[in-house]
Amino acid sequence: MNVMYFAWVRERIGVPQETVETEAATVNDLIAELKTREDRYAAAFADISALRVALDQELSDFDAPLAGVREVAFFPPMTGG
Amino acid sequence: MNVMYFAWVRERIGVPQETVETEAATVNDLIAELKTREDRYAAAFADISALRVALDQELSDFDAPLAGVREVAFFPPMTGG
Amino acid sequence: MQVRVQSEPFDAGAELNGFAQGRTDIGAVVSFTGVVRDTDGTLQEMLIEHYPGMTTSAITKIVEEAVSRWTLADALVIHRHGPLKPGEPIMMVATAAAHRAAAFAAADFLMDYLKSRAPFWKKEITDQGADWVAAKDEDEDALNRW
Amino acid sequence: MQVRVQSEPFDAGAELNGFAQGRTDIGAVVSFTGVVRDTDGTLQEMLIEHYPGMTTSAITKIVEEAVSRWTLADALVIHRHGPLKPGEPIMMVATAAAHRAAAFAAADFLMDYLKSRAPFWKKEITDQGADWVAAKDEDEDALNRW
């Protein structure tokens, strides 16, 4: 699964994207799994309410299932316009 | 007193402006006086609710006094923009 | 603040680019361009009459009201009179502010007031003849929004 | 309908003049230009990051929603990414409709949705350092208007 990070999430995690091997069923499960791996993930995902997630380039929810998803992206609330 | 007409009011009365000698106290009085003069005035002022009036280039009311006023303009509701 | 009443065409794009140019205290510019519409394809010409002695001062008052209500960095109104062809720009409004809400509201306000309070009258010349455009109740009602 | 995401500058005036040009079924064109603001005079640069795989499709969906809600004759969105200087245009929206209310509402709607739903993130580099611009609650709340 391709996992992408943008803005300060990218800066905290230190890479713009990476391939993650996971059996996580939902986005929340994936986050829990990443947080146990390294401190930088724990720092980036400390406050989920400050984050948004997109599954295959569509805004989604943290309890959404990951079955069939190829690309997960984490980022802060958008500031376009 | 300089009296001006715009749009279809001008077309019905037949002139864009004219000098009117009058002792009318208010706009309503002036209109009543003009209507007795000729049919074209009666036609133009038949329905006051379809008209607007400006006194010295300021939108005004039909019961406004004419004392000191140099220019009266009659026209239909504006259609700018 | 700029108010121009003219019979000559204007270049909306050039006006937009010149408007509030180089200012770094603004974040939002909104423009409105009014165009001669010919929905049925029967319009030959639109004639815009105005009240020269009153037009510029009436528009200026409306713009001053907008500038003070929304603390605009700048505002522009251009309005043409005389004969116009379908597709031609009739008029244009532009507003500049720190934030988008003020720029949008002020432009919307300006259009509502110019529509019903600036001394212009439109006459449409079509295949069938000539008719003065009637003011719409909804345009008068729109003023109650502000 | 046109959506462009680019790092290159754009000419807002030329875009406005080219937009809905020659159409005689429209009476109203509204444009919004977002400009890099530097209220305190301390901004050196604004860096705009985006999500290339998602940006164009996300904007396109927002524009399609606007076109269908207000029966627009045309709509345009241009949004830049990369480094920008104070006073430079960040993005632009234009809408064309028969009447002004639709053109205004659609442009306002587009801005509200682009602000909170298009995958862009702004970072301000000032004399004091670099900071990501935080999303405002009022911008999220603005979506409830529609």
# chains A, B, ... in the order shown; residues from 1 in each chain; ligands from 1
$ select_by_dssp --residues "stretch 9-71 of chain A" --states "strand (DSSP E or B)" --output "list of chain:residue names"
A:Gln17, A:Glu18, A:Thr19, A:Thr26, A:Arg52, A:Val53, A:Ala54, A:Leu55, A:Glu58, A:Leu59, A:Ser60, A:Pro65, A:Glu71
$ write_last_selection --atoms "N, CA and C atoms" --output "PDB file, in the first residue's frame"
ATOM      1  N   GLN A  17       6.400   9.873   0.811  1.00  0.00           N
ATOM      2  CA  GLN A  17       5.585   8.666   0.629  1.00  0.00           C
ATOM      3  C   GLN A  17       6.434   7.432   0.865  1.00  0.00           C
ATOM      4  N   GLU A  18       5.747   6.346   1.117  1.00  0.00           N
ATOM      5  CA  GLU A  18       6.464   5.084   1.367  1.00  0.00           C
ATOM      6  C   GLU A  18       5.504   3.935   1.115  1.00  0.00           C
ATOM      7  N   THR A  19       6.085   2.754   0.894  1.00  0.00           N
ATOM      8  CA  THR A  19       5.252   1.566   0.741  1.00  0.00           C
ATOM      9  C   THR A  19       5.142   0.888   2.101  1.00  0.00           C
ATOM     10  N   THR A  26      -8.739  -0.952   8.914  1.00  0.00           N
ATOM     11  CA  THR A  26      -9.262   0.400   8.724  1.00  0.00           C
ATOM     12  C   THR A  26      -8.121   1.412   8.803  1.00  0.00           C
ATOM     13  N   ARG A  52      -6.504  14.879   8.232  1.00  0.00           N
ATOM     14  CA  ARG A  52      -7.506  14.404   7.275  1.00  0.00           C
ATOM     15  C   ARG A  52      -6.889  13.228   6.534  1.00  0.00           C
ATOM     16  N   VAL A  53      -7.740  12.372   5.971  1.00  0.00           N
ATOM     17  CA  VAL A  53      -7.228  11.220   5.234  1.00  0.00           C
ATOM     18  C   VAL A  53      -7.954  11.092   3.896  1.00  0.00           C
ATOM     19  N   ALA A  54      -7.187  10.723   2.861  1.00  0.00           N
ATOM     20  CA  ALA A  54      -7.796  10.429   1.561  1.00  0.00           C
ATOM     21  C   ALA A  54      -7.447   8.997   1.181  1.00  0.00           C
ATOM     22  N   LEU A  55      -8.430   8.273   0.673  1.00  0.00           N
ATOM     23  CA  LEU A  55      -8.209   6.903   0.186  1.00  0.00           C
ATOM     24  C   LEU A  55      -8.353   6.921  -1.324  1.00  0.00           C
ATOM     25  N   GLU A  58      -9.581  10.217  -2.650  1.00  0.00           N
ATOM     26  CA  GLU A  58     -10.902  10.732  -2.252  1.00  0.00           C
ATOM     27  C   GLU A  58     -10.877  10.971  -0.751  1.00  0.00           C
ATOM     28  N   LEU A  59     -11.318  12.139  -0.304  1.00  0.00           N
ATOM     29  CA  LEU A  59     -11.409  12.393   1.136  1.00  0.00           C
ATOM     30  C   LEU A  59     -12.235  11.294   1.782  1.00  0.00           C
ATOM     31  N   SER A  60     -11.803  10.821   2.941  1.00  0.00           N
ATOM     32  CA  SER A  60     -12.494   9.695   3.555  1.00  0.00           C
ATOM     33  C   SER A  60     -12.521   9.853   5.079  1.00  0.00           C
ATOM     34  N   PRO A  65     -12.803   1.269   5.777  1.00  0.00           N
ATOM     35  CA  PRO A  65     -12.024   0.043   5.548  1.00  0.00           C
ATOM     36  C   PRO A  65     -10.940   0.265   4.496  1.00  0.00           C
ATOM     37  N   GLU A  71      -3.869   3.561  -2.287  1.00  0.00           N
ATOM     38  CA  GLU A  71      -3.125   4.755  -1.854  1.00  0.00           C
ATOM     39  C   GLU A  71      -3.841   5.446  -0.694  1.00  0.00           C
TER      40      GLU A  71
END
$ calpha_fit_and_write --fixed "chain B" --moving "chain A" --output "short mmCIF file (atom, residue, chain, number, x, y, z; two decimals) with C-alpha atoms, in the first residue's frame"
data_model
loop_
_atom_site.label_atom_id
_atom_site.label_comp_id
_atom_site.auth_asym_id
_atom_site.auth_seq_id
_atom_site.Cartn_x
_atom_site.Cartn_y
_atom_site.Cartn_z
CA MET A 1 -37.17 75.40 -12.80
CA ASN A 2 -35.42 72.93 -15.08
CA VAL A 3 -37.50 69.77 -15.57
CA MET A 4 -35.89 66.70 -17.13
CA TYR A 5 -37.36 63.47 -18.47
CA PHE A 6 -35.63 60.16 -19.14
CA ALA A 7 -36.38 56.89 -20.95
CA TRP A 8 -40.06 56.36 -21.83
CA VAL A 9 -41.10 59.44 -19.83
CA ARG A 10 -38.94 61.51 -22.18
CA GLU A 11 -40.43 59.73 -25.19
CA ARG A 12 -44.02 60.36 -24.05
CA ILE A 13 -43.43 63.99 -23.23
CA GLY A 14 -41.38 64.51 -26.37
CA VAL A 15 -38.54 66.61 -24.96
CA PRO A 16 -35.56 65.70 -22.77
CA GLN A 17 -35.88 68.86 -20.69
CA GLU A 18 -37.69 72.15 -20.46
CA THR A 19 -37.97 75.21 -18.27
CA VAL A 20 -41.20 75.24 -16.28
CA GLU A 21 -42.58 78.31 -14.54
CA THR A 22 -44.53 77.07 -11.54
CA GLU A 23 -45.65 77.93 -8.03
CA ALA A 24 -46.12 74.23 -7.17
CA ALA A 25 -45.22 73.52 -3.54
CA THR A 26 -44.41 69.83 -3.94
CA VAL A 27 -43.53 67.34 -6.67
CA ASN A 28 -47.12 66.04 -6.55
CA ASP A 29 -48.40 69.59 -7.09
CA LEU A 30 -46.07 70.05 -10.05
CA ILE A 31 -47.30 66.80 -11.61
CA ALA A 32 -50.94 67.79 -11.13
CA GLU A 33 -50.22 71.12 -12.78
CA LEU A 34 -48.40 69.55 -15.76
CA LYS A 35 -51.17 66.97 -16.28
CA THR A 36 -53.72 69.74 -16.82
CA ARG A 37 -51.55 71.41 -19.45
CA GLU A 38 -51.45 68.82 -22.24
CA ASP A 39 -52.38 65.21 -22.96
CA ARG A 40 -48.76 64.14 -23.31
CA TYR A 41 -48.14 65.04 -19.66
CA ALA A 42 -51.32 63.27 -18.60
CA ALA A 43 -50.06 60.17 -20.47
CA ALA A 44 -46.56 60.31 -18.97
CA PHE A 45 -47.82 60.85 -15.41
CA ALA A 46 -50.84 58.51 -15.60
CA ASP A 47 -49.32 56.03 -13.14
CA ILE A 48 -47.06 57.68 -10.58
CA SER A 49 -46.14 54.31 -9.05
CA ALA A 50 -44.24 53.56 -12.27
CA LEU A 51 -42.14 56.71 -11.86
CA ARG A 52 -39.24 57.98 -9.79
CA VAL A 53 -38.22 61.58 -9.14
CA ALA A 54 -34.89 63.25 -8.42
CA LEU A 55 -34.54 66.77 -7.00
CA ASP A 56 -31.25 68.45 -7.81
CA GLN A 57 -29.79 65.05 -8.80
CA GLU A 58 -30.85 63.26 -5.60
CA LEU A 59 -33.55 60.58 -5.56
CA SER A 60 -36.51 62.01 -3.69
CA ASP A 61 -40.21 61.53 -2.86
CA PHE A 62 -43.31 62.81 -4.60
CA ASP A 63 -44.42 64.70 -1.52
CA ALA A 64 -41.08 66.52 -1.19
CA PRO A 65 -41.20 70.34 -1.25
CA LEU A 66 -39.87 72.17 -4.30
CA ALA A 67 -38.70 75.30 -2.46
CA GLY A 68 -35.15 76.09 -3.58
CA VAL A 69 -35.02 73.21 -6.06
CA ARG A 70 -33.46 74.07 -9.41
CA GLU A 71 -33.73 70.75 -11.25
CA VAL A 72 -36.50 68.15 -11.16
CA ALA A 73 -36.07 64.87 -13.09
CA PHE A 74 -38.74 62.25 -13.80
CA PHE A 75 -37.92 58.76 -14.97
CA PRO A 76 -38.93 55.09 -14.66
CA PRO A 77 -37.21 52.83 -12.11
CA MET A 78 -33.53 52.60 -12.97
CA THR A 79 -32.11 49.61 -14.78
CA GLY A 80 -28.35 49.97 -14.38
CA GLY A 81 -25.71 47.29 -14.02
#
$ closest_atom_pairs --of "chain C" --to "chain D" --cutoff "9 Å" --atoms "only C-alpha atoms" --output "CSV"
residue,atom,partner,partner_atom,distance
C:Asp11,CA,D:Asn17,CA,7.9
C:Ala12,CA,D:Asn17,CA,6.7
C:Gly13,CA,D:Gly13,CA,3.5
C:Ala14,CA,D:Gly13,CA,5.6
C:Glu15,CA,D:Gly13,CA,7.5
C:Leu16,CA,D:Gly13,CA,5.6
C:Asn17,CA,D:Gly13,CA,5.3
C:Gly18,CA,D:Gly13,CA,8.8
C:Gln21,CA,D:Gly87,CA,7.9
C:Gly22,CA,D:Gly87,CA,5.8
C:Arg23,CA,D:Gly87,CA,5.9
C:Thr24,CA,D:Gly87,CA,4.7
C:Asp25,CA,D:Thr39,CA,4.8
C:Ile26,CA,D:Arg37,CA,5.5
C:Gly27,CA,D:Val35,CA,4.5
C:Ala28,CA,D:Gly34,CA,4.9
C:Val29,CA,D:Thr33,CA,5.1
C:Val30,CA,D:Phe32,CA,4.5
C:Ser31,CA,D:Ser31,CA,5.0
C:Phe32,CA,D:Val30,CA,4.5
C:Thr33,CA,D:Val29,CA,5.1
C:Gly34,CA,D:Ala28,CA,4.9
C:Val35,CA,D:Gly27,CA,4.5
C:Val36,CA,D:Gly27,CA,5.9
C:Arg37,CA,D:Gly27,CA,4.9
C:Asp38,CA,D:Thr24,CA,5.3
C:Thr39,CA,D:Asp25,CA,4.8
C:Asp40,CA,D:Asp25,CA,8.2
C:Gly41,CA,D:Thr24,CA,8.0
C:Pro86,CA,D:Thr24,CA,5.8
C:Gly87,CA,D:Thr24,CA,4.7
C:Glu88,CA,D:Gly22,CA,8.2
C:Pro89,CA,D:Gly27,CA,8.8
C:Ala98,CA,D:Arg37,CA,7.4
C:Arg100,CA,D:Gly34,CA,8.1
C:Ala101,CA,D:Asp108,CA,8.4
C:Ala103,CA,D:Phe32,CA,8.8
C:Phe104,CA,D:Asp108,CA,7.1
C:Ala107,CA,D:Phe104,CA,8.9
C:Asp108,CA,D:Phe104,CA,7.1
C:Met111,CA,D:Arg100,CA,8.4
$ atom_distance --atom1 "atom CA of D:His81" --atom2 "atom CA of D:Glu140"
21.7 Å
$ atom_distance --atom1 "atom CA of C:Ser7" --atom2 "atom CA of C:Ala135"
22.1 Å
$ closest_atom_pairs --of "chain D" --to "chain A" --cutoff "6 Å" --atoms "only C-alpha atoms" --output "CSV"
residue,atom,partner,partner_atom,distance
D:Met54,CA,A:Gln57,CA,4.9
D:Leu114,CA,A:Gly81,CA,5.5
D:Lys115,CA,A:Gly80,CA,4.2
D:Ser116,CA,A:Met78,CA,5.2
D:Ala118,CA,A:Gly80,CA,5.9
D:Pro119,CA,A:Met78,CA,5.5
D:Phe120,CA,A:Gly80,CA,4.8
D:Trp121,CA,A:Thr79,CA,5.0
D:Ala135,CA,A:Thr79,CA,5.7
$ residues_around --residues "C:Leu72" --least-positions-apart "2" --cutoff "6 Å" --atoms "only C-alpha atoms" --output "list in words"
Val67, Trp70, Asp74, Ala96 and Ala97 of chain C
$ atom_distance --atom1 "atom CA of C:Lys123" --atom2 "atom CA of C:Ile48"
6.4 Å
$ select_by_dssp --residues "chain B" --states "alpha helix (DSSP H)" --output "list in words"
Ala7, Trp8, Val9, Arg10, Glu11, Arg12, Ile13, Val27, Asn28, Asp29, Leu30, Ile31, Ala32, Glu33, Leu34, Lys35, Thr36, Arg37, Asp39, Arg40, Tyr41, Ala42, Ala43 and Ala44 of chain B
$ closest_residue --among "C:Gly53, C:Arg69, C:Leu47, C:Leu84" --to "C:Glu8" --atoms "only C-alpha atoms"
C:Leu84
